[in-house]
Amino acid sequence: MHRQHRAAEFKKFLATIDQTVPAELDVHLICDNYGTHKTPAIKAWLARHPRFHMHFTPTGSSSITQVEWWFGYLTDQLIRRGVHKSVQALEKDIRDWMDQWNDDPKPFVWTKTAEEILESLSKYCRRISGA
C-alpha cells in the first residue's frame, strides 16, 4: 500500500516480490498500461531480473475484472461503510480487513472456461485486426 504510484513505489513492489517468491520460480505480472510500469528505471530493473515477465492489458480494457471485483468488495464492505479520521486510520483499517480476508479467503470463481475466454478474445482480435 503506497500513497503514491510512481515508478519508485512500483520498483519497491517488484523488489518485495523478488525477495518473497522463491528464486527458482518465474514471476508473471499482469499490469495495466499505466506509464509507471514502463519507465526507463523499471525497464532497467526488469532487464536485471529476467525471471520477471510483464504482460500488459489492452488500453481501455477491463481484463483484470477479478481484481477489480475484489477492490469493489473492499470498497463496499469497508471504505464506504467506515469512518476514517486520517489516512493512517484508513490504511490500518484496510490492512486489518485484508488480514481478515486472508484468514478466510472467498475466491472469485470464473464462470467461463478458458476456451470460452480465448474464443471471445479471438473474435475480438479478428474484429479489430484492421484497425
# chains A, B, ... in the order shown; residues from 1 in each chain; ligands from 1

call {"tool": "residues_around", "arguments": {"residues": "region 109-123 of chain A", "least_positions_apart": "5", "cutoff": "10 Å", "atoms": "only C-alpha atoms", "output": "number ranges by chain"}}
result
A: 66, 128-129

call {"tool": "write_last_selection", "arguments": {"atoms": "N, CA and C atoms", "output": "short mmCIF file (atom, residue, chain, number, x, y, z; two decimals), in the first residue's frame"}}
result
data_model
loop_
_atom_site.label_atom_id
_atom_site.label_comp_id
_atom_site.auth_asym_id
_atom_site.auth_seq_id
_atom_site.Cartn_x
_atom_site.Cartn_y
_atom_site.Cartn_z
N GLN A 66 -11.45 -9.78 -12.13
CA GLN A 66 -11.45 -10.43 -10.82
C GLN A 66 -10.82 -9.51 -9.76
N ILE A 128 -10.83 -6.40 -34.74
CA ILE A 128 -10.02 -5.17 -34.74
C ILE A 128 -8.74 -5.30 -35.56
N SER A 129 -8.52 -6.45 -36.20
CA SER A 129 -7.23 -6.68 -36.86
C SER A 129 -6.88 -5.62 -37.90
#

call {"tool": "residues_around", "arguments": {"residues": "His53 (chain A)", "least_positions_apart": "2", "cutoff": "7 Å", "atoms": "only C-alpha atoms", "output": "PyMOL selection string"}}
result
chain A and resi 27-29+51+55

call {"tool": "select_by_dssp", "arguments": {"residues": "chain A", "states": "strand (DSSP E)", "output": "mmCIF file with all heavy atoms, in the first residue's frame"}}
result
data_model
loop_
_atom_site.group_PDB
_atom_site.id
_atom_site.type_symbol
_atom_site.label_atom_id
_atom_site.label_comp_id
_atom_site.auth_asym_id
_atom_site.auth_seq_id
_atom_site.Cartn_x
_atom_site.Cartn_y
_atom_site.Cartn_z
ATOM 1 N N VAL A 27 8.188 -15.129 -12.452
ATOM 2 C CA VAL A 27 7.133 -14.249 -11.956
ATOM 3 C C VAL A 27 6.478 -13.585 -13.162
ATOM 4 O O VAL A 27 7.158 -12.938 -13.955
ATOM 5 C CB VAL A 27 7.699 -13.167 -11.002
ATOM 6 C CG1 VAL A 27 6.603 -12.213 -10.559
ATOM 7 C CG2 VAL A 27 8.394 -13.810 -9.812
ATOM 8 N N HIS A 28 5.179 -13.786 -13.290
ATOM 9 C CA HIS A 28 4.411 -13.163 -14.370
ATOM 10 C C HIS A 28 3.520 -12.094 -13.754
ATOM 11 O O HIS A 28 2.734 -12.371 -12.848
ATOM 12 C CB HIS A 28 3.562 -14.208 -15.094
ATOM 13 C CG HIS A 28 4.384 -15.170 -15.879
ATOM 14 N ND1 HIS A 28 4.643 -14.999 -17.224
ATOM 15 C CD2 HIS A 28 5.036 -16.298 -15.510
ATOM 16 C CE1 HIS A 28 5.403 -15.986 -17.647
ATOM 17 N NE2 HIS A 28 5.661 -16.788 -16.619
ATOM 18 N N LEU A 29 3.675 -10.872 -14.236
ATOM 19 C CA LEU A 29 2.894 -9.738 -13.736
ATOM 20 C C LEU A 29 1.931 -9.270 -14.815
ATOM 21 O O LEU A 29 2.343 -9.046 -15.957
ATOM 22 C CB LEU A 29 3.812 -8.583 -13.354
ATOM 23 C CG LEU A 29 4.789 -8.867 -12.218
ATOM 24 C CD1 LEU A 29 5.881 -7.822 -12.184
ATOM 25 C CD2 LEU A 29 4.041 -8.895 -10.910
ATOM 26 N N ILE A 30 0.677 -9.155 -14.459
ATOM 27 C CA ILE A 30 -0.318 -8.608 -15.374
ATOM 28 C C ILE A 30 -0.584 -7.183 -14.917
ATOM 29 O O ILE A 30 -1.039 -6.948 -13.794
ATOM 30 C CB ILE A 30 -1.609 -9.440 -15.358
ATOM 31 C CG1 ILE A 30 -1.293 -10.879 -15.757
ATOM 32 C CG2 ILE A 30 -2.658 -8.817 -16.283
ATOM 33 C CD1 ILE A 30 -2.428 -11.839 -15.557
ATOM 34 N N CYS A 31 -0.259 -6.231 -15.781
ATOM 35 C CA CYS A 31 -0.361 -4.815 -15.420
ATOM 36 C C CYS A 31 -1.180 -4.071 -16.451
ATOM 37 O O CYS A 31 -1.270 -4.475 -17.610
ATOM 38 C CB CYS A 31 1.027 -4.187 -15.367
ATOM 39 S SG CYS A 31 2.129 -4.903 -14.146
ATOM 40 N N PHE A 52 11.244 -12.143 -14.293
ATOM 41 C CA PHE A 52 10.029 -11.342 -14.296
ATOM 42 C C PHE A 52 9.541 -11.160 -15.726
ATOM 43 O O PHE A 52 10.300 -10.768 -16.603
ATOM 44 C CB PHE A 52 10.280 -9.965 -13.663
ATOM 45 C CG PHE A 52 10.266 -10.008 -12.154
ATOM 46 C CD1 PHE A 52 11.317 -10.575 -11.450
ATOM 47 C CD2 PHE A 52 9.199 -9.485 -11.444
ATOM 48 C CE1 PHE A 52 11.305 -10.621 -10.066
ATOM 49 C CE2 PHE A 52 9.178 -9.527 -10.055
ATOM 50 C CZ PHE A 52 10.231 -10.102 -9.363
ATOM 51 N N HIS A 53 8.277 -11.455 -15.938
ATOM 52 C CA HIS A 53 7.661 -11.350 -17.263
ATOM 53 C C HIS A 53 6.448 -10.431 -17.148
ATOM 54 O O HIS A 53 5.530 -10.710 -16.384
ATOM 55 C CB HIS A 53 7.233 -12.730 -17.768
ATOM 56 C CG HIS A 53 8.336 -13.734 -17.736
ATOM 57 N ND1 HIS A 53 9.275 -13.833 -18.739
ATOM 58 C CD2 HIS A 53 8.671 -14.658 -16.808
ATOM 59 C CE1 HIS A 53 10.133 -14.795 -18.428
ATOM 60 N NE2 HIS A 53 9.787 -15.304 -17.260
ATOM 61 N N MET A 54 6.477 -9.349 -17.906
ATOM 62 C CA MET A 54 5.393 -8.373 -17.859
ATOM 63 C C MET A 54 4.375 -8.690 -18.955
ATOM 64 O O MET A 54 4.734 -8.964 -20.091
ATOM 65 C CB MET A 54 5.943 -6.962 -18.071
ATOM 66 C CG MET A 54 6.942 -6.515 -17.011
ATOM 67 S SD MET A 54 6.209 -6.268 -15.403
ATOM 68 C CE MET A 54 5.359 -4.731 -15.670
ATOM 69 N N HIS A 55 3.110 -8.633 -18.584
ATOM 70 C CA HIS A 55 2.004 -8.794 -19.521
ATOM 71 C C HIS A 55 1.093 -7.593 -19.309
ATOM 72 O O HIS A 55 0.672 -7.311 -18.181
ATOM 73 C CB HIS A 55 1.241 -10.097 -19.246
ATOM 74 C CG HIS A 55 2.121 -11.302 -19.226
ATOM 75 N ND1 HIS A 55 2.540 -11.935 -20.380
ATOM 76 C CD2 HIS A 55 2.674 -11.979 -18.196
ATOM 77 C CE1 HIS A 55 3.307 -12.975 -20.046
ATOM 78 N NE2 HIS A 55 3.405 -13.010 -18.724
ATOM 79 N N PHE A 56 0.797 -6.881 -20.391
ATOM 80 C CA PHE A 56 0.005 -5.662 -20.275
ATOM 81 C C PHE A 56 -1.396 -5.873 -20.828
ATOM 82 O O PHE A 56 -1.562 -6.460 -21.895
ATOM 83 C CB PHE A 56 0.689 -4.499 -20.998
ATOM 84 C CG PHE A 56 2.002 -4.120 -20.371
ATOM 85 C CD1 PHE A 56 3.199 -4.574 -20.896
ATOM 86 C CD2 PHE A 56 2.035 -3.328 -19.236
ATOM 87 C CE1 PHE A 56 4.417 -4.244 -20.304
ATOM 88 C CE2 PHE A 56 3.240 -2.988 -18.633
ATOM 89 C CZ PHE A 56 4.427 -3.441 -19.174
#

call {"tool": "select_by_dssp", "arguments": {"residues": "region 14-100 of chain A", "states": "helix (DSSP H, G or I)", "output": "VMD selection string"}}
result
chain A and resid 14 to 20 35 to 38 40 to 48 65 to 79 87 to 100

call {"tool": "residues_around", "arguments": {"residues": "Leu74 (chain A)", "least_positions_apart": "4", "cutoff": "10 Å", "atoms": "only C-alpha atoms", "output": "ChimeraX atom specification"}}
result
/A:68-70,78-80,94,97-98,101

call {"tool": "atom_distance", "arguments": {"atom1": "CA of Leu25 (chain A)", "atom2": "CA of Arg48 (chain A)"}}
result
15.5 Å

call {"tool": "atom_distance", "arguments": {"atom1": "CA of Thr75 (chain A)", "atom2": "CA of Asp93 (chain A)"}}
result
11.6 Å

call {"tool": "atom_distance", "arguments": {"atom1": "CA of Asp26 (chain A)", "atom2": "CA of Pro107 (chain A)"}}
result
23.2 Å

call {"tool": "closest_residue", "arguments": {"among": "A:His84, A:Asp104, A:Asp96, A:Ile42", "to": "Glu9 (chain A)", "atoms": "only C-alpha atoms"}}
result
A:Ile42

call {"tool": "decode", "arguments": {"residues": "region 90-105 of chain A", "atoms": "all heavy atoms", "output": "mmCIF file, in the first residue's frame"}}
result
data_model
loop_
_atom_site.group_PDB
_atom_site.id
_atom_site.type_symbol
_atom_site.label_atom_id
_atom_site.label_comp_id
_atom_site.auth_asym_id
_atom_site.auth_seq_id
_atom_site.Cartn_x
_atom_site.Cartn_y
_atom_site.Cartn_z
ATOM 1 N N LEU A 90 -7.275 4.934 7.886
ATOM 2 C CA LEU A 90 -7.788 4.218 6.715
ATOM 3 C C LEU A 90 -6.849 3.090 6.323
ATOM 4 O O LEU A 90 -7.277 1.955 6.087
ATOM 5 C CB LEU A 90 -7.994 5.185 5.551
ATOM 6 C CG LEU A 90 -8.360 4.544 4.213
ATOM 7 C CD1 LEU A 90 -9.683 3.783 4.315
ATOM 8 C CD2 LEU A 90 -8.416 5.597 3.115
ATOM 9 N N GLU A 91 -5.547 3.382 6.261
ATOM 10 C CA GLU A 91 -4.571 2.351 5.897
ATOM 11 C C GLU A 91 -4.601 1.194 6.895
ATOM 12 O O GLU A 91 -4.544 0.024 6.504
ATOM 13 C CB GLU A 91 -3.171 2.952 5.814
ATOM 14 C CG GLU A 91 -2.993 3.867 4.616
ATOM 15 C CD GLU A 91 -1.640 4.550 4.597
ATOM 16 O OE1 GLU A 91 -0.879 4.440 5.595
ATOM 17 O OE2 GLU A 91 -1.340 5.214 3.595
ATOM 18 N N LYS A 92 -4.684 1.513 8.185
ATOM 19 C CA LYS A 92 -4.751 0.454 9.202
ATOM 20 C C LYS A 92 -6.002 -0.391 9.024
ATOM 21 O O LYS A 92 -5.955 -1.620 9.083
ATOM 22 C CB LYS A 92 -4.706 1.054 10.611
ATOM 23 C CG LYS A 92 -4.752 -0.020 11.706
ATOM 24 C CD LYS A 92 -4.902 0.568 13.084
ATOM 25 C CE LYS A 92 -4.954 -0.492 14.162
ATOM 26 N NZ LYS A 92 -5.875 -1.587 13.914
ATOM 27 N N ASP A 93 -7.144 0.263 8.775
ATOM 28 C CA ASP A 93 -8.388 -0.469 8.581
ATOM 29 C C ASP A 93 -8.310 -1.374 7.349
ATOM 30 O O ASP A 93 -8.798 -2.508 7.367
ATOM 31 C CB ASP A 93 -9.569 0.497 8.455
ATOM 32 C CG ASP A 93 -9.911 1.168 9.777
ATOM 33 O OD1 ASP A 93 -9.424 0.708 10.839
ATOM 34 O OD2 ASP A 93 -10.660 2.167 9.746
ATOM 35 N N ILE A 94 -7.705 -0.876 6.289
ATOM 36 C CA ILE A 94 -7.555 -1.696 5.075
ATOM 37 C C ILE A 94 -6.659 -2.899 5.358
ATOM 38 O O ILE A 94 -6.982 -4.027 4.987
ATOM 39 C CB ILE A 94 -7.015 -0.854 3.900
ATOM 40 C CG1 ILE A 94 -8.086 0.145 3.431
ATOM 41 C CG2 ILE A 94 -6.580 -1.760 2.744
ATOM 42 C CD1 ILE A 94 -7.596 1.152 2.406
ATOM 43 N N ARG A 95 -5.543 -2.668 6.044
ATOM 44 C CA ARG A 95 -4.651 -3.794 6.382
ATOM 45 C C ARG A 95 -5.364 -4.824 7.267
ATOM 46 O O ARG A 95 -5.246 -6.026 7.056
ATOM 47 C CB ARG A 95 -3.386 -3.289 7.062
ATOM 48 C CG ARG A 95 -2.409 -2.657 6.103
ATOM 49 C CD ARG A 95 -1.062 -2.355 6.783
ATOM 50 N NE ARG A 95 -0.175 -1.738 5.837
ATOM 51 C CZ ARG A 95 -0.046 -0.413 5.681
ATOM 52 N NH1 ARG A 95 -0.733 0.412 6.432
ATOM 53 N NH2 ARG A 95 0.787 0.070 4.790
ATOM 54 N N ASP A 96 -6.121 -4.353 8.246
ATOM 55 C CA ASP A 96 -6.878 -5.263 9.115
ATOM 56 C C ASP A 96 -7.909 -6.050 8.307
ATOM 57 O O ASP A 96 -8.079 -7.256 8.498
ATOM 58 C CB ASP A 96 -7.574 -4.490 10.246
ATOM 59 C CG ASP A 96 -6.602 -3.911 11.267
ATOM 60 O OD1 ASP A 96 -5.412 -4.336 11.277
ATOM 61 O OD2 ASP A 96 -7.030 -3.041 12.047
ATOM 62 N N TRP A 97 -8.607 -5.361 7.406
ATOM 63 C CA TRP A 97 -9.614 -6.025 6.570
ATOM 64 C C TRP A 97 -8.947 -7.089 5.698
ATOM 65 O O TRP A 97 -9.470 -8.197 5.556
ATOM 66 C CB TRP A 97 -10.342 -4.986 5.718
ATOM 67 C CG TRP A 97 -11.526 -5.525 4.972
ATOM 68 C CD1 TRP A 97 -12.811 -5.578 5.415
ATOM 69 C CD2 TRP A 97 -11.535 -6.094 3.659
ATOM 70 N NE1 TRP A 97 -13.614 -6.143 4.452
ATOM 71 C CE2 TRP A 97 -12.861 -6.465 3.360
ATOM 72 C CE3 TRP A 97 -10.553 -6.318 2.696
ATOM 73 C CZ2 TRP A 97 -13.233 -7.043 2.155
ATOM 74 C CZ3 TRP A 97 -10.915 -6.905 1.493
ATOM 75 C CH2 TRP A 97 -12.245 -7.263 1.235
ATOM 76 N N MET A 98 -7.795 -6.751 5.134
ATOM 77 C CA MET A 98 -7.077 -7.713 4.288
ATOM 78 C C MET A 98 -6.603 -8.912 5.106
ATOM 79 O O MET A 98 -6.657 -10.054 4.627
ATOM 80 C CB MET A 98 -5.903 -7.027 3.576
ATOM 81 C CG MET A 98 -6.368 -6.085 2.493
ATOM 82 S SD MET A 98 -5.106 -5.096 1.640
ATOM 83 C CE MET A 98 -3.584 -5.833 1.995
ATOM 84 N N ASP A 99 -6.150 -8.684 6.324
ATOM 85 C CA ASP A 99 -5.746 -9.800 7.192
ATOM 86 C C ASP A 99 -6.928 -10.731 7.442
ATOM 87 O O ASP A 99 -6.780 -11.958 7.389
ATOM 88 C CB ASP A 99 -5.191 -9.286 8.521
ATOM 89 C CG ASP A 99 -3.808 -8.660 8.386
ATOM 90 O OD1 ASP A 99 -3.137 -8.911 7.360
ATOM 91 O OD2 ASP A 99 -3.418 -7.920 9.311
ATOM 92 N N GLN A 100 -8.096 -10.145 7.735
ATOM 93 C CA GLN A 100 -9.295 -10.970 7.942
ATOM 94 C C GLN A 100 -9.646 -11.733 6.669
ATOM 95 O O GLN A 100 -9.998 -12.910 6.718
ATOM 96 C CB GLN A 100 -10.484 -10.109 8.358
ATOM 97 C CG GLN A 100 -10.427 -9.639 9.786
ATOM 98 C CD GLN A 100 -11.661 -8.835 10.133
ATOM 99 O OE1 GLN A 100 -12.098 -7.958 9.399
ATOM 100 N NE2 GLN A 100 -12.228 -9.142 11.288
ATOM 101 N N TRP A 101 -9.560 -11.059 5.532
ATOM 102 C CA TRP A 101 -9.847 -11.709 4.243
ATOM 103 C C TRP A 101 -8.906 -12.897 4.039
ATOM 104 O O TRP A 101 -9.339 -13.986 3.660
ATOM 105 C CB TRP A 101 -9.694 -10.713 3.092
ATOM 106 C CG TRP A 101 -9.926 -11.355 1.755
ATOM 107 C CD1 TRP A 101 -9.001 -12.012 0.988
ATOM 108 C CD2 TRP A 101 -11.151 -11.436 1.047
ATOM 109 N NE1 TRP A 101 -9.581 -12.481 -0.145
ATOM 110 C CE2 TRP A 101 -10.904 -12.146 -0.144
ATOM 111 C CE3 TRP A 101 -12.443 -10.972 1.299
ATOM 112 C CZ2 TRP A 101 -11.898 -12.396 -1.081
ATOM 113 C CZ3 TRP A 101 -13.425 -11.229 0.350
ATOM 114 C CH2 TRP A 101 -13.151 -11.929 -0.811
ATOM 115 N N ASN A 102 -7.633 -12.689 4.300
ATOM 116 C CA ASN A 102 -6.639 -13.740 4.076
ATOM 117 C C ASN A 102 -6.794 -14.909 5.050
ATOM 118 O O ASN A 102 -6.423 -16.038 4.728
ATOM 119 C CB ASN A 102 -5.228 -13.167 4.142
ATOM 120 C CG ASN A 102 -4.916 -12.307 2.938
ATOM 121 O OD1 ASN A 102 -5.470 -12.497 1.862
ATOM 122 N ND2 ASN A 102 -4.042 -11.343 3.120
ATOM 123 N N ASP A 103 -7.359 -14.650 6.238
ATOM 124 C CA ASP A 103 -7.629 -15.731 7.189
ATOM 125 C C ASP A 103 -8.758 -16.639 6.706
ATOM 126 O O ASP A 103 -8.799 -17.819 7.031
ATOM 127 C CB ASP A 103 -7.992 -15.172 8.570
ATOM 128 C CG ASP A 103 -6.793 -14.578 9.290
ATOM 129 O OD1 ASP A 103 -5.645 -14.895 8.900
ATOM 130 O OD2 ASP A 103 -7.006 -13.789 10.238
ATOM 131 N N ASP A 104 -9.696 -16.081 5.946
ATOM 132 C CA ASP A 104 -10.827 -16.849 5.430
ATOM 133 C C ASP A 104 -11.167 -16.353 4.026
ATOM 134 O O ASP A 104 -12.208 -15.729 3.805
ATOM 135 C CB ASP A 104 -12.033 -16.687 6.371
ATOM 136 C CG ASP A 104 -13.222 -17.527 5.940
ATOM 137 O OD1 ASP A 104 -13.026 -18.566 5.284
ATOM 138 O OD2 ASP A 104 -14.358 -17.131 6.264
ATOM 139 N N PRO A 105 -10.280 -16.604 3.055
ATOM 140 C CA PRO A 105 -10.497 -16.055 1.710
ATOM 141 C C PRO A 105 -11.720 -16.664 1.036
ATOM 142 O O PRO A 105 -12.065 -17.821 1.252
ATOM 143 C CB PRO A 105 -9.212 -16.409 0.969
ATOM 144 C CG PRO A 105 -8.657 -17.570 1.706
ATOM 145 C CD PRO A 105 -9.083 -17.420 3.134
#
